[in-house]
file data-v2.txt (compact mmCIF, C-alpha atoms)
# COMPACT_ATOMS: atom_id res chain seq x y z
CA MET A 1 -50.33 54.33 57.42
CA SER A 2 -50.26 50.77 56.08
CA ASP A 3 -52.24 49.44 53.16
CA THR A 4 -54.54 46.66 54.39
CA ALA A 5 -56.18 43.87 52.43
CA THR A 6 -59.05 44.25 50.03
CA ALA A 7 -61.35 41.46 48.94
CA SER A 8 -59.58 41.08 45.59
CA GLN A 9 -56.08 40.79 47.03
CA ALA A 10 -54.17 38.42 49.25
CA ALA A 11 -54.25 39.19 52.96
CA HIS A 12 -51.46 41.64 53.69
CA ASP A 13 -50.17 44.53 55.75
CA ILE A 14 -47.79 46.68 53.74
CA LYS A 15 -46.99 50.38 53.41
CA ASP A 16 -48.55 51.29 50.06
CA ILE A 17 -49.77 49.09 47.19
CA ARG A 18 -49.09 51.97 44.79
CA LEU A 19 -45.35 51.28 45.11
CA ALA A 20 -45.74 47.99 43.22
CA ASP A 21 -44.53 49.21 39.81
CA GLU A 22 -41.13 50.20 41.18
CA GLY A 23 -40.93 46.94 43.13
CA ARG A 24 -41.64 44.94 39.99
CA ARG A 25 -38.92 46.76 38.01
CA ARG A 26 -36.33 46.25 40.72
CA THR A 27 -37.27 42.60 41.29
CA GLU A 28 -36.96 41.89 37.58
CA TRP A 29 -33.54 43.57 37.58
CA ALA A 30 -32.40 41.30 40.43
CA GLU A 31 -33.75 38.23 38.61
CA ARG A 32 -31.27 38.84 35.79
CA SER A 33 -28.47 38.00 38.24
CA MET A 34 -30.14 34.89 39.69
CA PRO A 35 -29.80 32.21 36.98
CA VAL A 36 -29.64 29.23 39.36
CA LEU A 37 -32.87 30.19 41.12
CA ARG A 38 -34.42 30.85 37.69
CA GLN A 39 -33.66 27.29 36.61
CA LEU A 40 -35.13 25.94 39.84
CA LYS A 41 -38.26 28.05 39.35
CA GLU A 42 -38.70 26.61 35.86
CA ARG A 43 -38.37 23.05 37.19
CA PHE A 44 -40.67 23.82 40.11
CA ALA A 45 -43.29 25.15 37.69
CA ARG A 46 -43.17 21.85 35.77
CA GLU A 47 -43.00 19.44 38.71
CA ARG A 48 -44.91 21.35 41.45
CA PRO A 49 -42.96 19.70 44.32
CA LEU A 50 -44.51 22.00 46.95
CA SER A 51 -48.08 21.59 45.77
CA GLY A 52 -50.61 21.89 48.57
CA LYS A 53 -48.03 22.99 51.15
CA ARG A 54 -48.47 26.11 53.27
CA LEU A 55 -45.14 27.84 53.78
CA ALA A 56 -44.51 30.69 56.25
CA ALA A 57 -41.32 32.64 55.61
CA CYS A 58 -39.72 35.17 57.96
CA LEU A 59 -37.06 36.74 55.73
CA HIS A 60 -35.72 40.13 54.72
CA VAL A 61 -38.27 41.43 52.21
CA THR A 62 -35.94 42.40 49.37
CA THR A 63 -35.84 41.98 45.60
CA GLU A 64 -33.85 38.78 45.98
CA THR A 65 -36.33 37.34 48.48
CA ALA A 66 -39.14 38.25 46.08
CA ASN A 67 -37.58 36.01 43.45
CA LEU A 68 -37.32 33.17 45.96
CA VAL A 69 -40.95 33.56 47.01
CA VAL A 70 -42.10 33.60 43.37
CA ALA A 71 -40.13 30.38 42.77
CA LEU A 72 -41.75 28.75 45.81
CA LYS A 73 -45.19 29.75 44.56
CA ALA A 74 -44.33 28.35 41.12
CA GLY A 75 -43.60 25.08 42.93
CA GLY A 76 -47.12 25.03 44.33
CA ALA A 77 -46.57 26.53 47.78
CA ASP A 78 -49.10 28.83 49.44
CA VAL A 79 -46.69 31.41 50.88
CA ALA A 80 -47.07 33.95 53.69
CA LEU A 81 -44.10 36.29 54.14
CA CYS A 82 -43.16 38.53 57.05
CA ALA A 83 -40.00 40.54 57.71
CA SER A 84 -37.10 39.19 59.77
CA ASN A 85 -35.92 42.69 60.66
CA PRO A 86 -37.96 45.88 61.22
CA LEU A 87 -35.65 47.98 59.01
CA SER A 88 -34.87 45.59 56.14
CA THR A 89 -38.17 45.65 54.24
CA GLN A 90 -38.22 47.21 50.79
CA ASP A 91 -41.79 48.55 50.70
CA ASP A 92 -42.01 48.61 46.92
CA VAL A 93 -41.08 44.92 46.78
CA ALA A 94 -43.73 44.05 49.35
CA ALA A 95 -46.31 45.88 47.24
CA HIS A 96 -45.19 44.08 44.07
CA LEU A 97 -45.52 40.65 45.69
CA VAL A 98 -49.03 41.41 46.89
CA ARG A 99 -50.35 43.02 43.72
CA ASP A 100 -48.62 40.99 41.02
CA HIS A 101 -48.24 37.58 42.64
CA GLY A 102 -50.97 37.38 45.27
CA ILE A 103 -48.47 36.67 48.05
CA LYS A 104 -49.57 37.27 51.64
CA VAL A 105 -47.02 39.85 52.81
CA PHE A 106 -46.84 41.37 56.29
CA ALA A 107 -43.94 43.81 56.35
CA ILE A 108 -43.39 47.57 56.58
CA LYS A 109 -39.98 49.24 56.71
CA GLY A 110 -39.49 50.90 60.10
CA GLU A 111 -42.35 49.01 61.77
CA ASP A 112 -42.37 49.22 65.56
CA HIS A 113 -41.87 46.31 67.95
CA ALA A 114 -45.59 45.55 68.28
CA THR A 115 -46.18 45.59 64.53
CA TYR A 116 -43.13 43.42 63.88
CA TYR A 117 -44.46 40.70 66.16
CA ASP A 118 -48.02 41.08 64.91
CA HIS A 119 -46.64 40.27 61.48
CA ILE A 120 -44.94 37.18 62.90
CA ARG A 121 -48.33 36.27 64.37
CA ALA A 122 -49.88 36.63 60.92
CA ALA A 123 -47.29 34.26 59.45
CA LEU A 124 -47.96 31.71 62.19
CA ALA A 125 -51.71 32.09 61.64
CA HIS A 126 -51.05 30.81 58.11
CA ARG A 127 -50.66 27.44 59.90
CA PRO A 128 -47.61 26.40 57.91
CA ASP A 129 -46.48 22.94 56.90
CA ILE A 130 -42.97 24.38 56.39
CA THR A 131 -41.32 27.43 57.93
CA MET A 132 -38.43 29.37 56.44
CA ASP A 133 -36.49 31.55 58.87
CA ASP A 134 -33.74 34.16 58.93
CA GLY A 135 -32.95 34.30 62.63
CA ALA A 136 -35.30 31.57 63.96
CA ASP A 137 -38.12 33.92 64.97
CA LEU A 138 -40.89 31.68 63.63
CA VAL A 139 -39.33 28.50 65.00
CA GLY A 140 -38.64 30.20 68.33
CA ALA A 141 -42.26 31.28 68.69
CA LEU A 142 -43.54 27.82 67.74
CA HIS A 143 -41.36 26.25 70.40
CA MET A 144 -42.50 28.63 73.09
CA ILE A 145 -46.02 27.53 72.18
CA ALA A 146 -45.02 23.85 72.25
CA LEU A 147 -43.35 24.22 75.67
CA ASN A 148 -46.27 26.31 77.00
CA ARG A 149 -43.92 29.21 77.73
CA LEU A 150 -46.46 31.79 76.63
CA ASP A 151 -45.03 34.51 78.88
CA ASP A 152 -41.89 34.40 76.73
CA LEU A 153 -43.85 35.30 73.59
CA ALA A 154 -44.15 38.89 72.40
CA PRO A 155 -47.58 40.30 73.39
CA PRO A 156 -49.15 40.27 69.88
CA VAL A 157 -48.25 36.60 69.47
CA ARG A 158 -49.19 35.65 73.03
CA LYS A 159 -52.63 37.25 72.82
CA TRP A 160 -53.39 35.31 69.64
CA VAL A 161 -52.11 32.02 71.04
CA GLU A 162 -54.25 32.49 74.14
CA THR A 163 -57.35 32.46 71.91
CA LEU A 164 -56.41 28.96 70.67
CA SER A 165 -57.48 25.82 72.45
CA PRO A 166 -54.76 23.45 73.75
CA ALA A 167 -55.61 21.11 70.89
CA ASP A 168 -55.21 23.91 68.32
CA ARG A 169 -51.86 24.92 69.79
CA LYS A 170 -50.64 21.34 69.61
CA ALA A 171 -51.89 21.02 66.04
CA LEU A 172 -50.15 24.26 65.03
CA VAL A 173 -46.76 22.90 66.06
CA ALA A 174 -47.40 19.29 65.01
CA GLY A 175 -48.43 20.50 61.56
CA VAL A 176 -44.90 21.72 60.80
CA SER A 177 -43.03 18.94 59.01
CA GLY A 178 -39.76 20.86 58.92
CA SER A 179 -38.03 24.21 58.68
CA THR A 180 -35.11 25.91 56.97
CA GLU A 181 -32.77 28.47 58.54
CA GLU A 182 -30.74 31.08 56.65
CA THR A 183 -28.39 32.62 59.21
CA THR A 184 -25.47 31.78 61.48
CA THR A 185 -27.36 33.33 64.41
CA GLY A 186 -30.44 31.22 63.75
CA VAL A 187 -28.45 28.00 63.38
CA ILE A 188 -26.72 28.66 66.71
CA ARG A 189 -30.11 29.01 68.41
CA LEU A 190 -31.48 25.89 66.75
CA LYS A 191 -28.47 23.74 67.62
CA ALA A 192 -28.88 24.82 71.24
CA MET A 193 -32.51 23.72 71.09
CA ALA A 194 -31.52 20.36 69.60
CA LYS A 195 -28.85 19.90 72.27
CA ASP A 196 -31.47 20.53 74.98
CA GLY A 197 -33.78 17.99 73.35
CA VAL A 198 -36.62 20.45 72.75
CA LEU A 199 -36.54 20.75 68.96
CA GLN A 200 -39.98 19.70 67.72
CA PHE A 201 -39.20 19.04 64.04
CA PRO A 202 -36.19 18.75 61.70
CA VAL A 203 -34.48 21.90 60.49
CA ILE A 204 -32.27 22.29 57.42
CA ALA A 205 -29.39 24.64 58.23
CA VAL A 206 -29.08 26.43 54.92
CA ASN A 207 -26.31 28.56 56.43
CA ASP A 208 -24.12 25.45 56.76
CA SER A 209 -24.15 24.82 53.00
CA LEU A 210 -20.82 25.63 51.40
CA THR A 211 -22.57 27.50 48.58
CA LYS A 212 -24.19 29.70 51.22
CA HIS A 213 -21.65 30.68 53.88
CA LEU A 214 -18.52 30.64 51.72
CA PHE A 215 -20.08 33.13 49.33
CA ASP A 216 -23.11 34.89 50.87
CA ASN A 217 -21.47 35.45 54.26
CA ARG A 218 -18.07 36.38 52.90
CA TYR A 219 -18.60 38.20 49.60
CA GLY A 220 -22.21 39.29 50.15
CA THR A 221 -21.80 40.58 53.69
CA GLY A 222 -18.41 42.07 52.91
CA GLN A 223 -19.67 44.20 50.03
CA SER A 224 -23.13 45.07 51.37
CA THR A 225 -21.87 46.08 54.83
CA LEU A 226 -19.37 48.50 53.35
CA ASP A 227 -22.09 49.76 50.99
CA GLY A 228 -24.49 50.38 53.89
CA ILE A 229 -21.92 52.24 55.96
CA ILE A 230 -20.91 54.49 53.08
CA ARG A 231 -24.53 55.21 52.11
CA ALA A 232 -25.41 56.06 55.71
CA THR A 233 -22.41 58.28 56.41
CA ASN A 234 -20.61 59.22 53.18
CA LEU A 235 -17.38 58.62 55.10
CA LEU A 236 -14.05 58.02 53.38
CA ILE A 237 -12.73 54.60 54.38
CA ALA A 238 -9.22 55.18 53.02
CA GLY A 239 -6.89 56.19 55.83
CA SER A 240 -9.44 55.31 58.54
CA THR A 241 -8.82 52.79 61.29
CA VAL A 242 -11.55 50.18 60.95
CA VAL A 243 -12.16 47.77 63.83
CA VAL A 244 -13.80 44.50 62.78
CA SER A 245 -15.29 42.50 65.66
CA GLY A 246 -15.48 38.84 64.70
CA TYR A 247 -13.49 36.95 62.06
CA GLY A 248 -16.03 34.38 60.95
CA TRP A 249 -16.99 34.33 57.29
CA CYS A 250 -18.88 37.62 57.57
CA GLY A 251 -16.03 39.32 59.40
CA ARG A 252 -13.48 38.02 56.92
CA GLY A 253 -15.52 39.35 54.04
CA PHE A 254 -15.92 42.80 55.53
CA ALA A 255 -12.27 43.02 56.65
CA MET A 256 -11.21 42.20 53.10
CA ARG A 257 -13.45 44.89 51.61
CA ALA A 258 -12.47 47.52 54.21
CA ARG A 259 -8.80 46.89 53.51
CA GLY A 260 -9.48 47.04 49.78
CA ALA A 261 -11.02 50.48 50.30
CA GLY A 262 -7.85 51.69 51.99
CA GLY A 263 -8.79 51.14 55.61
CA ASN A 264 -6.28 50.26 58.31
CA VAL A 265 -8.03 47.17 59.67
CA LEU A 266 -7.84 45.82 63.22
CA VAL A 267 -9.60 42.59 64.22
CA THR A 268 -10.96 41.58 67.62
CA GLU A 269 -11.76 37.93 68.34
CA ILE A 270 -12.45 35.46 71.16
CA ASP A 271 -11.58 32.32 69.15
CA PRO A 272 -7.82 31.62 69.05
CA MET A 273 -8.04 29.79 65.72
CA LYS A 274 -9.87 32.64 64.00
CA ALA A 275 -7.58 35.19 65.63
CA LEU A 276 -4.54 33.30 64.34
CA GLU A 277 -6.03 33.20 60.85
CA ALA A 278 -6.71 36.95 60.93
CA GLN A 279 -3.15 37.63 62.07
CA MET A 280 -1.73 35.48 59.25
CA ASP A 281 -4.07 37.16 56.77
CA GLY A 282 -2.18 40.35 57.56
CA TYR A 283 -4.49 42.06 60.04
CA ARG A 284 -3.51 43.31 63.46
CA VAL A 285 -5.40 41.36 66.12
CA VAL A 286 -6.03 43.15 69.42
CA PRO A 287 -8.51 43.03 72.31
CA MET A 288 -11.41 45.47 72.07
CA ALA A 289 -9.98 47.46 75.00
CA GLU A 290 -6.91 48.24 72.88
CA ALA A 291 -8.89 48.90 69.71
CA ALA A 292 -11.37 51.29 71.33
CA PRO A 293 -9.08 54.35 71.68
CA VAL A 294 -7.72 54.14 68.13
CA GLY A 295 -10.67 53.10 65.96
CA ASP A 296 -12.54 55.49 63.68
CA LEU A 297 -15.16 52.94 62.59
CA PHE A 298 -16.29 49.87 64.56
CA VAL A 299 -18.29 47.08 62.95
CA THR A 300 -19.62 44.04 64.82
CA LEU A 301 -20.18 40.73 62.98
CA THR A 302 -20.21 38.13 65.75
CA GLY A 303 -23.74 36.90 66.48
CA ASN A 304 -23.13 37.56 70.18
CA VAL A 305 -24.29 40.14 72.73
CA GLU A 306 -22.55 43.24 74.14
CA VAL A 307 -19.45 42.97 71.97
CA ILE A 308 -19.02 46.73 72.27
CA ARG A 309 -19.85 47.86 75.80
CA VAL A 310 -20.03 51.22 77.54
CA GLU A 311 -16.49 50.92 78.89
CA HIS A 312 -15.27 50.60 75.31
CA MET A 313 -17.37 53.57 74.17
CA ARG A 314 -15.97 55.75 76.96
CA ALA A 315 -12.48 55.06 75.63
CA MET A 316 -13.32 55.88 72.01
CA LYS A 317 -12.15 59.03 70.28
CA ASP A 318 -14.53 61.88 69.54
CA GLY A 319 -16.53 61.11 66.38
CA ALA A 320 -16.20 57.32 66.46
CA VAL A 321 -18.80 55.52 64.34
CA LEU A 322 -20.43 52.24 65.42
CA ALA A 323 -22.26 49.84 63.11
CA ASN A 324 -23.50 46.27 63.29
CA SER A 325 -23.83 43.63 60.60
CA GLY A 326 -24.77 40.72 62.87
CA HIS A 327 -28.37 39.56 62.73
CA PHE A 328 -29.75 41.12 65.94
CA ASN A 329 -29.20 44.61 67.39
CA VAL A 330 -27.62 43.27 70.58
CA GLU A 331 -23.93 43.36 69.62
CA ILE A 332 -23.60 47.03 70.62
CA ASP A 333 -24.78 47.63 74.20
CA LEU A 334 -27.41 50.22 73.32
CA ASP A 335 -29.25 49.85 76.63
CA GLY A 336 -26.06 50.67 78.49
CA LEU A 337 -25.39 53.59 76.15
CA LYS A 338 -28.87 55.01 76.77
CA GLN A 339 -28.25 54.99 80.52
CA ALA A 340 -24.75 56.50 80.32
CA ALA A 341 -25.06 59.02 77.48
CA GLN A 342 -27.19 61.92 76.34
CA GLY A 343 -29.17 61.56 73.14
CA PRO A 344 -29.85 60.42 70.61
CA THR A 345 -29.89 63.25 68.11
CA ARG A 346 -30.67 62.22 64.54
CA VAL A 347 -28.04 63.85 62.32
CA ARG A 348 -28.60 61.82 59.14
CA GLU A 349 -31.30 59.34 58.15
CA PHE A 350 -29.48 56.37 59.68
CA VAL A 351 -27.05 58.17 62.01
CA ASP A 352 -27.73 58.92 65.70
CA GLU A 353 -25.39 61.12 67.73
CA TRP A 354 -24.77 60.26 71.40
CA ARG A 355 -22.83 62.46 73.83
CA LEU A 356 -20.71 60.50 76.26
CA ALA A 357 -17.91 61.76 78.51
CA GLY A 358 -17.59 65.00 76.59
CA LYS A 359 -17.34 63.23 73.23
CA LYS A 360 -19.69 62.41 70.37
CA ILE A 361 -20.30 58.81 69.29
CA PHE A 362 -22.37 57.95 66.24
CA VAL A 363 -24.47 54.77 66.05
CA LEU A 364 -25.77 53.66 62.67
CA ALA A 365 -29.29 52.28 62.07
CA ASP A 366 -30.01 51.79 65.79
CA GLY A 367 -27.49 48.96 65.80
CA ARG A 368 -29.47 46.89 63.32
CA LEU A 369 -28.15 45.28 60.15
CA ILE A 370 -26.48 48.21 58.43
CA ASN A 371 -26.36 46.49 55.04
CA LEU A 372 -30.14 46.13 54.93
CA ALA A 373 -31.20 49.19 56.91
CA ALA A 374 -29.18 51.73 54.92
CA ALA A 375 -28.55 49.80 51.70
CA GLU A 376 -30.16 46.96 49.73
CA GLY A 377 -28.54 43.90 51.30
CA HIS A 378 -26.42 41.42 49.42
CA PRO A 379 -26.06 41.56 45.63
CA ALA A 380 -28.53 39.34 43.79
CA SER A 381 -25.76 37.26 42.25
CA VAL A 382 -24.64 35.87 45.60
CA MET A 383 -28.19 35.51 46.95
CA ASP A 384 -28.86 33.37 43.89
CA MET A 385 -26.97 30.52 45.57
CA SER A 386 -28.33 31.14 49.06
CA PHE A 387 -31.93 31.11 47.89
CA ALA A 388 -31.34 28.13 45.61
CA ASN A 389 -30.36 26.39 48.86
CA GLN A 390 -33.57 27.60 50.51
CA ALA A 391 -35.75 26.37 47.65
CA LEU A 392 -34.04 22.97 47.54
CA ALA A 393 -34.19 22.70 51.34
CA ALA A 394 -37.97 23.23 51.24
CA GLU A 395 -38.26 20.52 48.60
CA HIS A 396 -36.03 18.25 50.73
CA VAL A 397 -38.34 18.74 53.72
CA VAL A 398 -41.35 17.75 51.61
CA ASN A 399 -39.62 14.65 50.24
CA HIS A 400 -37.73 13.49 53.34
CA GLY A 401 -39.16 15.34 56.36
CA LYS A 402 -40.82 12.24 57.79
CA SER A 403 -37.53 10.33 57.83
CA LEU A 404 -35.41 13.15 59.28
CA SER A 405 -34.71 13.22 63.00
CA LYS A 406 -35.68 16.21 65.13
CA ASP A 407 -32.27 17.78 64.72
CA VAL A 408 -30.39 20.38 62.68
CA HIS A 409 -29.33 18.94 59.31
CA ARG A 410 -27.20 20.13 56.42
CA ILE A 411 -28.55 20.14 52.90
CA PRO A 412 -27.18 17.01 51.14
CA ASP A 413 -23.71 17.47 49.68
CA ASP A 414 -24.80 16.50 46.18
CA LEU A 415 -27.34 19.34 46.14
CA ASP A 416 -24.72 21.78 47.44
CA ARG A 417 -22.34 20.80 44.64
CA GLU A 418 -25.09 20.94 42.04
CA ILE A 419 -25.77 24.57 42.99
CA ALA A 420 -22.06 25.34 42.54
CA ARG A 421 -22.06 23.56 39.16
CA LEU A 422 -25.09 25.50 37.94
CA LYS A 423 -23.58 28.79 39.12
CA LEU A 424 -20.32 28.13 37.28
CA GLN A 425 -22.27 27.17 34.18
CA ALA A 426 -24.23 30.41 34.33
CA MET A 427 -20.97 32.36 34.71
CA GLY A 428 -19.49 30.64 31.64
CA VAL A 429 -16.77 28.97 33.71
CA ALA A 430 -15.58 25.47 32.74
CA ILE A 431 -13.59 23.17 35.03
CA ASP A 432 -11.65 19.94 34.57
CA THR A 433 -12.98 16.46 35.32
CA LEU A 434 -11.10 13.52 36.78
CA THR A 435 -9.49 11.10 34.35
CA PRO A 436 -10.01 7.33 34.88
CA ALA A 437 -6.45 7.09 36.21
CA GLN A 438 -7.08 9.90 38.69
CA ARG A 439 -10.31 8.30 39.91
CA LYS A 440 -8.49 5.00 40.42
CA TYR A 441 -5.67 6.72 42.29
CA LEU A 442 -8.01 8.56 44.64
CA ALA A 443 -9.97 5.36 45.35
CA SER A 444 -6.92 3.17 45.99
CA TRP A 445 -4.82 2.59 49.08
CA ASP A 446 -2.03 0.54 47.48
CA LEU A 447 -0.84 3.08 44.91
CA GLY A 448 2.11 5.04 46.26
CA THR A 449 5.09 6.93 44.93
call {"tool": "encode", "arguments": {"input": "data-v2.txt", "output": "structure tokens"}}
result
Amino acid sequence: MSDTATASQAAHDIKDIRLADEGRRRTEWAERSMPVLRQLKERFARERPLSGKRLAACLHVTTETANLVVALKAGGADVALCASNPLSTQDDVAAHLVRDHGIKVFAIKGEDHATYYDHIRAALAHRPDITMDDGADLVGALHMIALNRLDDLAPPVRKWVETLSPADRKALVAGVSGSTEETTTGVIRLKAMAKDGVLQFPVIAVNDSLTKHLFDNRYGTGQSTLDGIIRATNLLIAGSTVVVSGYGWCGRGFAMRARGAGGNVLVTEIDPMKALEAQMDGYRVVPMAEAAPVGDLFVTLTGNVEVIRVEHMRAMKDGAVLANSGHFNVEIDLDGLKQAAQGPTRVREFVDEWRLAGKKIFVLADGRLINLAAAEGHPASVMDMSFANQALAAEHVVNHGKSLSKDVHRIPDDLDREIARLKLQAMGVAIDTLTPAQRKYLASWDLGT
């Protein structure tokens, strides 16, 4: 049973407002490890760069996100927050944001498909000037409205949109001056939209910032994915054969952590450059068909569909464990598994047993993000940089949205480097600066050996 709004509180749909005390304690603990975002919040409170702006955010509702949302509110934004994954919400954090900060939160851990999309509807009904996405769900819905593809909307969103006049629908989309996107998966979708010429407003690809993907994707995903798997299963990684599907920054990070825990790591890839890099990093690179019979643990981190298919599952050994750390639960062919296997039987909180060809296969967290479903997501220290990017991207949209083309843009390089500088400063790390002679050398073409 969810806790609905009262007259004295912000509109919301959360599990239980009584969880707020624990959410506040945990959010304050995370804030200790987020010094860059803290500095931005202090500046935002002074300058109010988002004053008067309505911002709808579809993000994982975690302690780290709470600190971002509080910073955005300090900057003057009127924020509505919904979850970007049905299993990633931390209910105590949602309660804390509603009770202690008056944030409009629509998120419940474990919410069903209809509730998930009703919460997206609630965020859209906020009529945002800026959207902030983790997987492009808000932007995707807005564009289906803009293109009059209402049949492609989830029923809760479609029913609401159908109550709006054509003028109101047009105004809803036209009112968005820009958006920010957190994930690789979302950026891929948005670049496809830009390529097709249908993107209705500029989008800042936060994921493309160096201070995001080099650290969040690699170190954050690497650690939190391993954490989620161990919490869900209590398996020993040492001595296990771990199959990592995808060697982008997320895959690299997890492969590194799995090897550090004693796993024998195999990598599967479709990109020859990434496969070559994995091979030279000391991993054995094989096709999935070769990995399937030998793997003990399979983890997908690709952003693509049906990476592990039924033919692979049939070849797996008895007791194989499958997990996903890509954004959507489409990387493991669960529909195919449901048709071919018997089950599921819940054997642990986040572990489902399937019986296929006389063997047992275990799928974690229904194929959803294991690091957020079974654990707490990335450590606050690495999300500090990612969410500093989000906050600065929102400010950039306010200041420059009218001059940006309807395309996918990177955050300016000087802001990216400033985040890195602030992070180093907070860590007590000093670096060298160029001497005048070095500056001259780097700027010259006629200075040789």
call {"tool": "closest_residue", "arguments": {"input": "data-v2.txt", "among": "A:Arg231, A:His126, A:Arg309, A:Lys359", "to": "Asn371 (chain A)", "atoms": "all atoms listed in the file"}}
result
A:Arg231
call {"tool": "residues_around", "arguments": {"input": "data-v2.txt", "residues": "Val310 (chain A)", "least_positions_apart": "2", "cutoff": "8 Å", "atoms": "only C-alpha atoms", "output": "JSON, numbers by chain"}}
result
{"A": [308, 312, 313, 314, 333, 336, 337, 340]}
call {"tool": "residues_around", "arguments": {"input": "data-v2.txt", "residues": "Trp29 (chain A)", "least_positions_apart": "5", "cutoff": "10 Å", "atoms": "all atoms listed in the file", "output": "list in words"}}
result
Gly23, Arg24, Met34, Thr63, Glu64 and Ala380 of chain A
call {"tool": "write_last_selection", "arguments": {"input": "data-v2.txt", "atoms": "C-alpha atoms", "output": "mmCIF file, in the frame of the given file"}}
result
data_model
loop_
_atom_site.group_PDB
_atom_site.id
_atom_site.type_symbol
_atom_site.label_atom_id
_atom_site.label_comp_id
_atom_site.auth_asym_id
_atom_site.auth_seq_id
_atom_site.Cartn_x
_atom_site.Cartn_y
_atom_site.Cartn_z
ATOM 1 C CA GLY A 23 -40.930 46.940 43.130
ATOM 2 C CA ARG A 24 -41.640 44.940 39.990
ATOM 3 C CA MET A 34 -30.140 34.890 39.690
ATOM 4 C CA THR A 63 -35.840 41.980 45.600
ATOM 5 C CA GLU A 64 -33.850 38.780 45.980
ATOM 6 C CA ALA A 380 -28.530 39.340 43.790
#
call {"tool": "atom_distance", "arguments": {"input": "data-v2.txt", "atom1": "CA of His327 (chain A)", "atom2": "CA of Leu68 (chain A)"}}
result
20.1 Å
call {"tool": "atom_distance", "arguments": {"input": "data-v2.txt", "atom1": "CA of Ala357 (chain A)", "atom2": "CA of Thr225 (chain A)"}}
result
28.7 Å
call {"tool": "axis_aligned_box", "arguments": {"input": "data-v2.txt", "around": "region 380-388 of chain A", "padding_each_side": "4 Å", "output": "AutoDock Vina command-line options"}}
result
--center_x -28.3 --center_y 33.7 --center_z 45.7 --size_x 15.3 --size_y 19.2 --size_z 14.8
call {"tool": "closest_atom_pairs", "arguments": {"input": "data-v2.txt", "of": "region 121-201 of chain A", "to": "region 78-82 of chain A", "cutoff": "12 Å", "atoms": "all atoms listed in the file", "output": "JSON lines"}}
result
{"residue": "A:Arg121", "atom": "CA", "partner": "A:Cys82", "partner_atom": "CA", "distance": 9.2}
{"residue": "A:Ala122", "atom": "CA", "partner": "A:Cys82", "partner_atom": "CA", "distance": 8.0}
{"residue": "A:Ala123", "atom": "CA", "partner": "A:Ala80", "partner_atom": "CA", "distance": 5.8}
{"residue": "A:Leu124", "atom": "CA", "partner": "A:Ala80", "partner_atom": "CA", "distance": 8.8}
{"residue": "A:Ala125", "atom": "CA", "partner": "A:Ala80", "partner_atom": "CA", "distance": 9.4}
{"residue": "A:His126", "atom": "CA", "partner": "A:Ala80", "partner_atom": "CA", "distance": 6.7}
{"residue": "A:Arg127", "atom": "CA", "partner": "A:Ala80", "partner_atom": "CA", "distance": 9.7}
{"residue": "A:Pro128", "atom": "CA", "partner": "A:Ala80", "partner_atom": "CA", "distance": 8.7}
{"residue": "A:Asp129", "atom": "CA", "partner": "A:Asp78", "partner_atom": "CA", "distance": 9.9}
{"residue": "A:Ile130", "atom": "CA", "partner": "A:Val79", "partner_atom": "CA", "distance": 9.7}
{"residue": "A:Thr131", "atom": "CA", "partner": "A:Ala80", "partner_atom": "CA", "distance": 9.7}
{"residue": "A:Met132", "atom": "CA", "partner": "A:Leu81", "partner_atom": "CA", "distance": 9.2}
{"residue": "A:Asp133", "atom": "CA", "partner": "A:Cys82", "partner_atom": "CA", "distance": 9.8}
{"residue": "A:Asp134", "atom": "CA", "partner": "A:Cys82", "partner_atom": "CA", "distance": 10.6}
{"residue": "A:Asp137", "atom": "CA", "partner": "A:Cys82", "partner_atom": "CA", "distance": 10.5}
{"residue": "A:Leu138", "atom": "CA", "partner": "A:Cys82", "partner_atom": "CA", "distance": 9.8}
call {"tool": "atom_distance", "arguments": {"input": "data-v2.txt", "atom1": "CA of Gly248 (chain A)", "atom2": "CA of Gly303 (chain A)"}}
result
9.8 Å
call {"tool": "closest_residue", "arguments": {"input": "data-v2.txt", "among": "A:Gly367, A:Gly263, A:Gly197, A:Gly295", "to": "Val408 (chain A)", "atoms": "all atoms listed in the file"}}
result
A:Gly197
call {"tool": "closest_atom_pairs", "arguments": {"input": "data-v2.txt", "of": "region 305-347 of chain A", "to": "region 233-239 of chain A", "cutoff": "12 Å", "atoms": "all atoms listed in the file", "output": "Markdown table"}}
result
| residue | atom | partner | partner_atom | distance |
| --- | --- | --- | --- | --- |
| A:Gly319 | CA | A:Leu235 | CA | 11.6 |
| A:Ala320 | CA | A:Leu235 | CA | 11.5 |
| A:Val321 | CA | A:Thr233 | CA | 9.1 |
| A:Leu322 | CA | A:Thr233 | CA | 11.0 |
| A:Ala323 | CA | A:Thr233 | CA | 10.8 |
| A:Val347 | CA | A:Thr233 | CA | 9.9 |
call {"tool": "residues_around", "arguments": {"input": "data-v2.txt", "residues": "Phe328 (chain A)", "least_positions_apart": "5", "cutoff": "12 Å", "atoms": "all atoms listed in the file", "output": "ChimeraX atom specification"}}
result
/A:84-88,134-137,183-186,300-306,323,333-334,365-370
call {"tool": "closest_residue", "arguments": {"input": "data-v2.txt", "among": "A:Asn67, A:Ser177, A:Ser224, A:Thr89", "to": "Lys406 (chain A)", "atoms": "all atoms listed in the file"}}
result
A:Ser177
call {"tool": "closest_residue", "arguments": {"input": "data-v2.txt", "among": "A:Ala388, A:Gly228, A:Phe201, A:Cys58", "to": "Ser403 (chain A)", "atoms": "all atoms listed in the file"}}
result
A:Phe201
call {"tool": "closest_residue", "arguments": {"input": "data-v2.txt", "among": "A:Cys250, A:Leu40, A:Met193, A:Met256", "to": "Met144 (chain A)", "atoms": "only C-alpha atoms"}}
result
A:Met193
